[in-house]
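Asker: I am attaching a structure below and will ask some questions about it afterwards.
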Amino acid sequence: MKVLVVGGGGREHAIARALSRNSDVKIFSVMANPNPGIAGLAEKVLHESETNLGKVLGFALENRVDSAIIGPEAPLEAGIVDLLEEAGIPCVGPRRAAARLETSKAFCRSLMARHGIAGCPKYRVFGDAEEAVEFIREYDGDLAIKPVGLSGGKGVRIMGEHLDQAGAAEYVRHLGKDIILEERLIGEEFTLQAFVDGSHLVPMPLVQDHKRAYPGDTGPNTGGMGSYSLPDHMLPFVSRETYEKALQIMRGVVNAMKVEGVPYKGILYGQFMNTRTGPQVIEFNARFGDPEAMNVLSLLESDLAGIVTRLIEGKLSSADVRFAPLATVCKYLVPEGYPESPKEGEPLEIGDYGDAILYYANVTRKGGHLCTASSRTLAFVGMAGTLEEAERIAETAASSVKGTVRHRSDIGTADLLRQRIAHMKEITT
Ligand code: AMP
Ligand code: GLY
């Protein structure tokens with residue numbers, strides 16, 4: 001079986017690694033940046049922008065791939081699945097109209113509202129900045145301010161956290177148009193990802209990501225600095241009831257898409273805020289999370305190629321998908337200065353990383369040296385029977401890297417987990 005993997009980050013390295021555990025699978029890769037991890041697993045690589053759809057299609061046809069897995073959101077928005085499927089290549093990923101669940105926050109919210117799906121915060125969409133400024137002036141409370149379209153996870157500003165009212169008005173004017181304002185949600189975030197075949201949804205273990213750049217959840221938002229999951233695939237600040245509600249919300253969305261004639265197929269990523277009143281949807285993504293893909297795909301015991309086949313056939317069932325009952329901790333190394341002014345082109349040296357799994361992300365090679373590029377560099381995943389051991393494995397590996405890179409040493413620590421649990425208690429009592 002020949003599978004095309006589109007994308008070249010840590011998430012796609014994790015996808016390729018999971019596929020490679022089946023020796024009958026041949027991997028073909030399209031990636032803009034050379035990822036040595038993916039290159040090492042692939043039969044053939046096309047270095048090309050993932051949104052250059054003509055080139056991607058040509059490569060897929062020339063190599064007669066049987067299916068494709070789309071890693072990032074940009075090619076989904078560009079309609080890569082429509083194009084490949086019309087050429088007879090089935091995909092793990094939604095068509096452009098269904099990907100609007102991620103690519104248009106206005107579509108996502110109005111779908112939830114139209115179908116009375118729980119967990120939709122109060123929101124308003126504005127075409128014009130001045131109307132949004134007026135709304136902010138009159139609104140009693142804090143708001144989340146977002147561009148309607150894609151922003152690489154970096155476009156959101158929260159009043160009371162990043163901005164005061166004057167700053168909010170300024171930011172809205174900076175965005176200019178197509179702005180969505182939502183009530184600010186207070187709680188603990190968690191990620192629920194699922195395989196979806198258009199009708200059936202099979203969940204993956206819960207993961208918690210860390211968006212902020214620096215330890216203690218300080219600094220600007222990033223694409224995600226690291227993440228962890230627990231052996232029972234739950235999180236200690238998410239009750240069984242909350243989990244079931246979140247799953248119901250995801251099922252509701254899959255049903256709604258089917259009813260509206262835009263069936264959703266691929267990976268559905270739900271970002272939830274666990275609030276005093278239960279789980280609320282922060283956003284949906286139409287793909288695996290990055291870093292969260294590295295947690296769940298490291299744990300996946302079932303054959304990913306088999307899941308791809310079942311998903312494409314529309315016959316997915318939970319019997320097809322098994323995850324190891326282990327904890328995972330993923331830590332990203334990023335260039336110093338990331339995300340505002342990353343130090344690019346700086347050499348780095350990877351030391352002895354022990355039992356950790358190494359996933360490459362955004363690196364370059366200069367004069368035989370591995371170097372940083374502008375985005376997240378590489379990640380380590382520790383996997384073990386306890387969170388403590390998984391954290392130790394990931395932390396030791398991350399500390400082995402020499403160069404102008406940094407990571408968050410607090411991710412996955414018992415201390416941070418205690419803070420999360422205490423925060424949740426504080427909110428609910
Ligand atoms: P997004 O790009 O939608 O994932 O948002 C990035 C981050 O902004 C999320 O991970 C949350 O931490 C925060 N965020 C987004 N929407 C809200 C909201 N309505 N209330 C509070 N925080 C939010
Ligand atoms: N980790 C968040 C994302 O992939 O969007």
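By order of appearance in the structure tokens: chains A, B, ..., then residues from 1 within every chain, and ligands from 1 in the order shown.
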Once you count only C-alpha atoms and all ligand atoms, which residues end up within 6 Å of ligand 1, and could you hand them over as a PyMOL selection string?
Answerer: chain A and resi 144+153+156+182-185+282-283
Asker: Looking only at strand (DSSP E or B) from DSSP on the backbone, list the matching residues of region 285-413 of chain A as a count of residues only.
Answerer: 38
Asker: Would you list the contacts of Leu143 (chain A) as a compact mmCIF listing (two decimals) with all heavy atoms, in the first residue's frame, taking every protein, DNA or RNA residue within 10 Å and counting only C-alpha atoms, but skipping same-chain residues closer than 6 positions in sequence?
Answerer:
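The result, stored in part-v5.txt:
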# COMPACT_ATOMS: atom_id res chain seq x y z
N LYS A 122 -21.19 32.11 23.63
CA LYS A 122 -21.84 33.24 22.94
C LYS A 122 -20.83 33.90 22.03
O LYS A 122 -19.66 34.06 22.40
CB LYS A 122 -22.35 34.23 23.98
CG LYS A 122 -23.55 33.74 24.72
CD LYS A 122 -24.20 34.91 25.46
CE LYS A 122 -24.53 34.54 26.88
NZ LYS A 122 -23.63 34.87 27.90
N TYR A 123 -21.27 34.25 20.83
CA TYR A 123 -20.32 34.83 19.86
C TYR A 123 -21.03 35.81 18.95
O TYR A 123 -22.25 35.79 18.82
CB TYR A 123 -19.69 33.71 19.01
CG TYR A 123 -20.65 33.14 17.98
CD1 TYR A 123 -20.60 33.58 16.66
CD2 TYR A 123 -21.64 32.22 18.34
CE1 TYR A 123 -21.50 33.10 15.71
CE2 TYR A 123 -22.53 31.74 17.40
CZ TYR A 123 -22.46 32.18 16.09
OH TYR A 123 -23.36 31.72 15.16
N ILE A 136 -17.44 45.96 21.81
CA ILE A 136 -16.52 45.79 22.94
C ILE A 136 -16.77 46.88 23.98
O ILE A 136 -16.80 46.61 25.18
CB ILE A 136 -15.04 45.83 22.47
CG1 ILE A 136 -14.73 44.60 21.62
CG2 ILE A 136 -14.08 45.92 23.66
CD1 ILE A 136 -13.39 44.65 20.90
N ARG A 157 -6.56 36.87 20.78
CA ARG A 157 -6.16 37.68 21.95
C ARG A 157 -7.31 37.67 22.94
O ARG A 157 -8.48 37.78 22.56
CB ARG A 157 -5.88 39.14 21.56
CG ARG A 157 -4.75 39.32 20.58
CD ARG A 157 -3.36 39.13 21.21
NE ARG A 157 -2.31 39.40 20.26
CZ ARG A 157 -1.93 38.57 19.27
NH1 ARG A 157 -2.53 37.40 19.14
NH2 ARG A 157 -0.97 38.91 18.44
N ILE A 158 -6.97 37.54 24.21
CA ILE A 158 -7.98 37.41 25.25
C ILE A 158 -7.97 38.64 26.14
O ILE A 158 -6.91 38.98 26.70
CB ILE A 158 -7.72 36.16 26.12
CG1 ILE A 158 -7.43 34.91 25.26
CG2 ILE A 158 -8.87 35.90 27.09
CD1 ILE A 158 -8.57 34.41 24.42
N MET A 159 -9.13 39.28 26.27
CA MET A 159 -9.22 40.41 27.19
C MET A 159 -9.08 39.91 28.63
O MET A 159 -9.61 38.87 28.99
CB MET A 159 -10.56 41.13 27.03
CG MET A 159 -10.63 41.96 25.77
SD MET A 159 -12.30 42.57 25.45
CE MET A 159 -12.50 43.73 26.82
N GLY A 160 -8.36 40.67 29.43
CA GLY A 160 -8.12 40.27 30.81
C GLY A 160 -6.89 39.38 30.92
O GLY A 160 -6.43 39.05 32.01
N GLU A 161 -6.36 38.99 29.75
CA GLU A 161 -5.17 38.14 29.76
C GLU A 161 -4.06 38.83 28.96
O GLU A 161 -3.01 39.14 29.47
CB GLU A 161 -5.53 36.78 29.14
CG GLU A 161 -4.78 35.61 29.72
CD GLU A 161 -5.29 34.30 29.14
OE1 GLU A 161 -6.44 33.91 29.48
OE2 GLU A 161 -4.57 33.68 28.36
N LEU A 163 -4.96 41.59 26.84
CA LEU A 163 -5.41 42.93 26.46
C LEU A 163 -6.38 43.52 27.48
O LEU A 163 -7.17 42.80 28.09
CB LEU A 163 -6.21 42.84 25.15
CG LEU A 163 -5.58 42.29 23.88
CD1 LEU A 163 -6.66 42.12 22.83
CD2 LEU A 163 -4.50 43.21 23.37
N ASP A 164 -6.37 44.87 27.61
CA ASP A 164 -7.46 45.56 28.31
C ASP A 164 -8.43 46.07 27.23
O ASP A 164 -8.26 45.75 26.04
CB ASP A 164 -6.93 46.69 29.18
CG ASP A 164 -6.14 47.71 28.38
OD1 ASP A 164 -6.18 47.66 27.12
OD2 ASP A 164 -5.47 48.55 29.00
N GLN A 165 -9.42 46.88 27.63
CA GLN A 165 -10.44 47.29 26.64
C GLN A 165 -9.84 48.14 25.52
O GLN A 165 -10.16 47.94 24.35
CB GLN A 165 -11.56 48.05 27.35
CG GLN A 165 -12.86 47.87 26.63
CD GLN A 165 -13.98 48.71 27.22
OE1 GLN A 165 -13.83 49.90 27.44
NE2 GLN A 165 -15.09 48.04 27.48
N ALA A 168 -7.94 45.98 23.27
CA ALA A 168 -8.86 45.15 22.47
C ALA A 168 -9.31 45.92 21.25
O ALA A 168 -9.32 45.39 20.13
CB ALA A 168 -10.05 44.73 23.32
N ILE A 180 -14.27 37.73 14.89
CA ILE A 180 -15.27 37.06 15.72
C ILE A 180 -14.96 37.38 17.19
O ILE A 180 -13.81 37.29 17.61
CB ILE A 180 -15.36 35.54 15.39
CG1 ILE A 180 -16.41 34.83 16.24
CG2 ILE A 180 -14.06 34.84 15.52
CD1 ILE A 180 -16.85 33.49 15.62
N LEU A 181 -15.98 37.79 17.90
CA LEU A 181 -15.83 38.05 19.33
C LEU A 181 -16.61 36.98 20.07
O LEU A 181 -17.75 36.68 19.71
CB LEU A 181 -16.38 39.44 19.70
CG LEU A 181 -15.76 40.64 19.00
CD1 LEU A 181 -16.42 41.94 19.48
CD2 LEU A 181 -14.25 40.71 19.26
N GLU A 182 -15.98 36.40 21.07
CA GLU A 182 -16.65 35.35 21.85
C GLU A 182 -16.52 35.66 23.33
O GLU A 182 -15.55 36.31 23.74
CB GLU A 182 -15.96 34.00 21.63
CG GLU A 182 -16.06 33.47 20.24
CD GLU A 182 -15.20 32.23 20.04
OE1 GLU A 182 -14.53 31.80 21.01
OE2 GLU A 182 -15.19 31.72 18.92
N GLU A 183 -17.47 35.15 24.11
CA GLU A 183 -17.31 35.32 25.55
C GLU A 183 -16.02 34.62 25.97
O GLU A 183 -15.65 33.58 25.40
CB GLU A 183 -18.51 34.73 26.29
CG GLU A 183 -18.63 33.23 26.15
CD GLU A 183 -19.77 32.63 26.95
OE1 GLU A 183 -19.80 32.80 28.17
OE2 GLU A 183 -20.64 31.99 26.32
N ARG A 184 -15.32 35.20 26.91
CA ARG A 184 -14.09 34.58 27.39
C ARG A 184 -14.43 33.39 28.29
O ARG A 184 -15.19 33.53 29.25
CB ARG A 184 -13.28 35.60 28.20
CG ARG A 184 -12.01 35.00 28.76
CD ARG A 184 -11.33 35.94 29.73
NE ARG A 184 -10.12 35.31 30.25
CZ ARG A 184 -9.43 35.78 31.25
NH1 ARG A 184 -9.80 36.89 31.86
NH2 ARG A 184 -8.35 35.16 31.66
N LEU A 185 -13.89 32.26 27.98
CA LEU A 185 -14.14 31.05 28.75
C LEU A 185 -13.03 30.89 29.79
O LEU A 185 -11.86 31.10 29.49
CB LEU A 185 -14.15 29.82 27.83
CG LEU A 185 -15.16 29.88 26.68
CD1 LEU A 185 -14.87 28.77 25.67
CD2 LEU A 185 -16.58 29.75 27.22
Asker: If you count only C-alpha atoms and all ligand atoms, which residues end up within 8 Å of ligand 2, as a PyMOL selection string?
Answerer: chain A and resi 152-153+209-211+223-224+285+287-292
Asker: Residues near Pro335 (chain A), anyone? I mean within 6 Å using only C-alpha atoms, not counting same-chain ones fewer than 6 positions away, as a PDB file with N, CA, C and O atoms, in the first residue's frame.
Answerer:
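What follows is the written file result-v2.pdb:
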ATOM      1  N   PRO A 342      12.557  34.335  16.097  1.00  0.00           N
ATOM      2  CA  PRO A 342      13.348  33.114  16.238  1.00  0.00           C
ATOM      3  C   PRO A 342      14.745  33.245  15.640  1.00  0.00           C
ATOM      4  O   PRO A 342      14.895  33.830  14.569  1.00  0.00           O
ATOM      5  N   LYS A 343      15.725  32.711  16.349  1.00  0.00           N
ATOM      6  CA  LYS A 343      17.091  32.716  15.820  1.00  0.00           C
ATOM      7  C   LYS A 343      17.236  31.560  14.830  1.00  0.00           C
ATOM      8  O   LYS A 343      17.332  30.402  15.217  1.00  0.00           O
ATOM      9  N   VAL A 405      18.564  26.811  21.377  1.00  0.00           N
ATOM     10  CA  VAL A 405      17.167  26.372  21.443  1.00  0.00           C
ATOM     11  C   VAL A 405      16.752  26.281  22.910  1.00  0.00           C
ATOM     12  O   VAL A 405      17.591  26.201  23.795  1.00  0.00           O
TER      13      VAL A 405
END
Asker: List the spatial neighbours of region 194-203 of chain A as a PyMOL selection string - criterion: any atom at most 8 Å away, only C-alpha atoms, same-chain residues fewer than 6 positions off excluded.
Answerer: chain A and resi 247+251+254-255+258+263-269+310-318+321
Asker: Could the residues in this selection be written to a file with N, CA, C and O atoms, as a PDB file, in the first residue's frame?
Answerer:
ATOM      1  N   LEU A 247     -17.468  14.288  23.917  1.00  0.00           N
ATOM      2  CA  LEU A 247     -17.605  13.300  22.846  1.00  0.00           C
ATOM      3  C   LEU A 247     -18.949  13.468  22.123  1.00  0.00           C
ATOM      4  O   LEU A 247     -19.032  13.389  20.891  1.00  0.00           O
ATOM      5  N   ARG A 251     -19.684  14.192  18.236  1.00  0.00           N
ATOM      6  CA  ARG A 251     -20.612  13.356  17.447  1.00  0.00           C
ATOM      7  C   ARG A 251     -21.709  14.215  16.825  1.00  0.00           C
ATOM      8  O   ARG A 251     -22.113  13.998  15.685  1.00  0.00           O
ATOM      9  N   VAL A 254     -20.340  15.890  13.748  1.00  0.00           N
ATOM     10  CA  VAL A 254     -20.217  14.954  12.621  1.00  0.00           C
ATOM     11  C   VAL A 254     -21.598  14.697  11.999  1.00  0.00           C
ATOM     12  O   VAL A 254     -21.758  14.696  10.777  1.00  0.00           O
ATOM     13  N   ASN A 255     -22.608  14.540  12.860  1.00  0.00           N
ATOM     14  CA  ASN A 255     -23.985  14.349  12.374  1.00  0.00           C
ATOM     15  C   ASN A 255     -24.486  15.548  11.617  1.00  0.00           C
ATOM     16  O   ASN A 255     -25.089  15.423  10.547  1.00  0.00           O
ATOM     17  N   LYS A 258     -23.095  15.787   8.217  1.00  0.00           N
ATOM     18  CA  LYS A 258     -23.702  14.792   7.335  1.00  0.00           C
ATOM     19  C   LYS A 258     -25.083  15.267   6.875  1.00  0.00           C
ATOM     20  O   LYS A 258     -25.402  15.220   5.686  1.00  0.00           O
ATOM     21  N   PRO A 263     -20.359  15.814   4.435  1.00  0.00           N
ATOM     22  CA  PRO A 263     -19.880  14.843   5.407  1.00  0.00           C
ATOM     23  C   PRO A 263     -18.416  15.075   5.781  1.00  0.00           C
ATOM     24  O   PRO A 263     -17.617  15.444   4.931  1.00  0.00           O
ATOM     25  N   TYR A 264     -18.133  14.867   7.047  1.00  0.00           N
ATOM     26  CA  TYR A 264     -16.787  15.108   7.550  1.00  0.00           C
ATOM     27  C   TYR A 264     -16.023  13.791   7.677  1.00  0.00           C
ATOM     28  O   TYR A 264     -16.432  12.876   8.377  1.00  0.00           O
ATOM     29  N   LYS A 265     -14.870  13.754   7.011  1.00  0.00           N
ATOM     30  CA  LYS A 265     -14.048  12.543   7.026  1.00  0.00           C
ATOM     31  C   LYS A 265     -12.604  12.972   7.256  1.00  0.00           C
ATOM     32  O   LYS A 265     -12.125  13.910   6.631  1.00  0.00           O
ATOM     33  N   GLY A 266     -11.943  12.291   8.164  1.00  0.00           N
ATOM     34  CA  GLY A 266     -10.552  12.631   8.467  1.00  0.00           C
ATOM     35  C   GLY A 266     -10.326  12.619   9.964  1.00  0.00           C
ATOM     36  O   GLY A 266     -10.906  11.791  10.667  1.00  0.00           O
ATOM     37  N   ILE A 267      -9.473  13.527  10.409  1.00  0.00           N
ATOM     38  CA  ILE A 267      -9.224  13.653  11.838  1.00  0.00           C
ATOM     39  C   ILE A 267     -10.000  14.866  12.323  1.00  0.00           C
ATOM     40  O   ILE A 267      -9.889  15.939  11.747  1.00  0.00           O
ATOM     41  N   LEU A 268     -10.798  14.667  13.361  1.00  0.00           N
ATOM     42  CA  LEU A 268     -11.476  15.819  13.969  1.00  0.00           C
ATOM     43  C   LEU A 268     -10.803  16.109  15.305  1.00  0.00           C
ATOM     44  O   LEU A 268     -10.643  15.222  16.144  1.00  0.00           O
ATOM     45  N   TYR A 269     -10.374  17.339  15.441  1.00  0.00           N
ATOM     46  CA  TYR A 269      -9.645  17.777  16.633  1.00  0.00           C
ATOM     47  C   TYR A 269     -10.539  18.745  17.388  1.00  0.00           C
ATOM     48  O   TYR A 269     -10.901  19.794  16.852  1.00  0.00           O
ATOM     49  N   ARG A 310     -10.053   1.545   6.600  1.00  0.00           N
ATOM     50  CA  ARG A 310     -11.410   1.470   7.166  1.00  0.00           C
ATOM     51  C   ARG A 310     -12.095   2.835   7.117  1.00  0.00           C
ATOM     52  O   ARG A 310     -13.293   2.928   6.837  1.00  0.00           O
ATOM     53  N   LEU A 311     -11.308   3.867   7.400  1.00  0.00           N
ATOM     54  CA  LEU A 311     -11.861   5.231   7.409  1.00  0.00           C
ATOM     55  C   LEU A 311     -12.347   5.604   6.009  1.00  0.00           C
ATOM     56  O   LEU A 311     -13.449   6.130   5.830  1.00  0.00           O
ATOM     57  N   ILE A 312     -11.533   5.288   5.020  1.00  0.00           N
ATOM     58  CA  ILE A 312     -11.879   5.613   3.641  1.00  0.00           C
ATOM     59  C   ILE A 312     -13.117   4.830   3.182  1.00  0.00           C
ATOM     60  O   ILE A 312     -13.951   5.337   2.449  1.00  0.00           O
ATOM     61  N   GLU A 313     -13.217   3.586   3.661  1.00  0.00           N
ATOM     62  CA  GLU A 313     -14.378   2.753   3.293  1.00  0.00           C
ATOM     63  C   GLU A 313     -15.645   3.170   4.028  1.00  0.00           C
ATOM     64  O   GLU A 313     -16.731   2.686   3.734  1.00  0.00           O
ATOM     65  N   GLY A 314     -15.487   4.033   5.047  1.00  0.00           N
ATOM     66  CA  GLY A 314     -16.656   4.422   5.851  1.00  0.00           C
ATOM     67  C   GLY A 314     -17.080   3.317   6.807  1.00  0.00           C
ATOM     68  O   GLY A 314     -18.239   3.230   7.185  1.00  0.00           O
ATOM     69  N   LYS A 315     -16.109   2.466   7.172  1.00  0.00           N
ATOM     70  CA  LYS A 315     -16.449   1.319   8.027  1.00  0.00           C
ATOM     71  C   LYS A 315     -15.654   1.301   9.318  1.00  0.00           C
ATOM     72  O   LYS A 315     -15.282   0.240   9.833  1.00  0.00           O
ATOM     73  N   LEU A 316     -15.335   2.465   9.804  1.00  0.00           N
ATOM     74  CA  LEU A 316     -14.488   2.556  10.990  1.00  0.00           C
ATOM     75  C   LEU A 316     -15.248   2.123  12.242  1.00  0.00           C
ATOM     76  O   LEU A 316     -16.405   2.493  12.432  1.00  0.00           O
ATOM     77  N   SER A 317     -14.574   1.317  13.078  1.00  0.00           N
ATOM     78  CA  SER A 317     -15.196   0.991  14.370  1.00  0.00           C
ATOM     79  C   SER A 317     -14.111   1.007  15.434  1.00  0.00           C
ATOM     80  O   SER A 317     -12.911   0.917  15.127  1.00  0.00           O
ATOM     81  N   SER A 318     -14.544   1.119  16.675  1.00  0.00           N
ATOM     82  CA  SER A 318     -13.554   1.270  17.753  1.00  0.00           C
ATOM     83  C   SER A 318     -12.661   0.039  17.877  1.00  0.00           C
ATOM     84  O   SER A 318     -11.556   0.116  18.402  1.00  0.00           O
ATOM     85  N   VAL A 321      -9.092   0.452  16.500  1.00  0.00           N
ATOM     86  CA  VAL A 321      -8.196   1.473  17.037  1.00  0.00           C
ATOM     87  C   VAL A 321      -7.840   1.187  18.506  1.00  0.00           C
ATOM     88  O   VAL A 321      -8.704   1.270  19.375  1.00  0.00           O
TER      89      VAL A 321
END
Asker: Which of these, A:Arg124, A:Val133, A:Ile89, A:Tyr359, has the shortest distance to Gly167 (chain A) once you count only C-alpha atoms?
Answerer: A:Val133
Asker: Work out how far apart CA of Phe107 (chain A) and CA of Asp128 (chain A) are and give it in Å to one decimal.
Answerer: 17.3 Å
Asker: With only C-alpha atoms as the counted atoms, please give the residues lying no more than 10 Å from Glu188 (chain A), apart from itself and same-chain residues fewer than 4 positions off, as a list of chain:residue names.
Answerer: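 That gives A:Gln208, A:Phe237, A:Val238, A:Phe272, A:Met273, A:Asn274, A:Thr275, A:Arg276, A:Pro279, A:Arg420, A:Ile421, A:His423, A:Met424, A:Ile427.
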Asker: Pick the closest to Pro90 (chain A) from A:Val308, A:Val281, A:Leu53, A:Ile145: which is it, counting only C-alpha atoms?
Answerer: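 Ranking A:Val308, A:Val281, A:Leu53, A:Ile145 by distance to Pro90 (chain A), first place goes to A:Val308.
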Asker: Need to verify the contact set: Ala324 (chain A), 7 Å, only C-alpha atoms, exclusion of same-chain residues closer than 2 positions in sequence. Can you return it as a list in words?
Answerer: Leu299, Leu300, Glu301, Arg322 and Leu326 of chain A
Asker: What would the file look like if the residues just selected were written as a tab-separated table (two decimals), in the first residue's frame with C-alpha atoms?
Answerer:
chain	number	residue	atom	x	y	z
A	299	LEU	CA	0.68	5.25	21.66
A	300	LEU	CA	-1.19	3.79	18.70
A	301	GLU	CA	-0.87	0.01	18.75
A	322	ARG	CA	-6.15	0.53	20.11
A	326	LEU	CA	0.92	4.41	28.89
Asker: Between A:Glu134, A:Glu43, A:Phe323, A:Asp232, which has the minimum distance to Leu304 (chain A) (counting only C-alpha atoms)?
Answerer: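 Closest residue, counting only C-alpha atoms: A:Phe323.
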Asker: Could you check the closest approach to Val262 (chain A) for each of A:Gly58, A:Gly226, A:Gly176, A:Pro94 and tell me which residue wins, using only C-alpha atoms?
Answerer: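 The closest residue to Val262 (chain A) is A:Pro94.
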Asker: From the set A:Thr309, A:Thr222, A:Thr413, A:Asn22, which residue has the shortest atom-to-atom contact distance to Ala327 (chain A), counting only C-alpha atoms?
Answerer: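 Smallest distance to Ala327 (chain A) is found for A:Thr413.
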Asker: Determine the nearest neighbour of Arg392 (chain A) from the options A:Val6, A:Cys330, A:Met294, A:Ala213, counting only C-alpha atoms.
Answerer: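 Closest residue, counting only C-alpha atoms: A:Cys330.
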Asker: From a DSSP calculation on the backbone, collect every residue of region 72-261 of chain A in helix (DSSP H, G or I) and output the set as a VMD selection string.
Answerer: chain A and resid 73 to 78 80 to 86 96 to 103 105 to 114 129 to 138 165 to 175 240 to 259
Asker: What is the distance between CA of Thr103 (chain A) and CA of Tyr360 (chain A), in Å to one decimal?
Answerer: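 Result for CA of Thr103 (chain A) versus CA of Tyr360 (chain A): 25.9 Å, one decimal.
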Asker: What does the structure give for the distance between CA of Gly149 (chain A) and CA of Arg100 (chain A), in Å to one decimal?
Answerer: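 Computed distance, CA of Gly149 (chain A) to CA of Arg100 (chain A), equals 9.1 Å.
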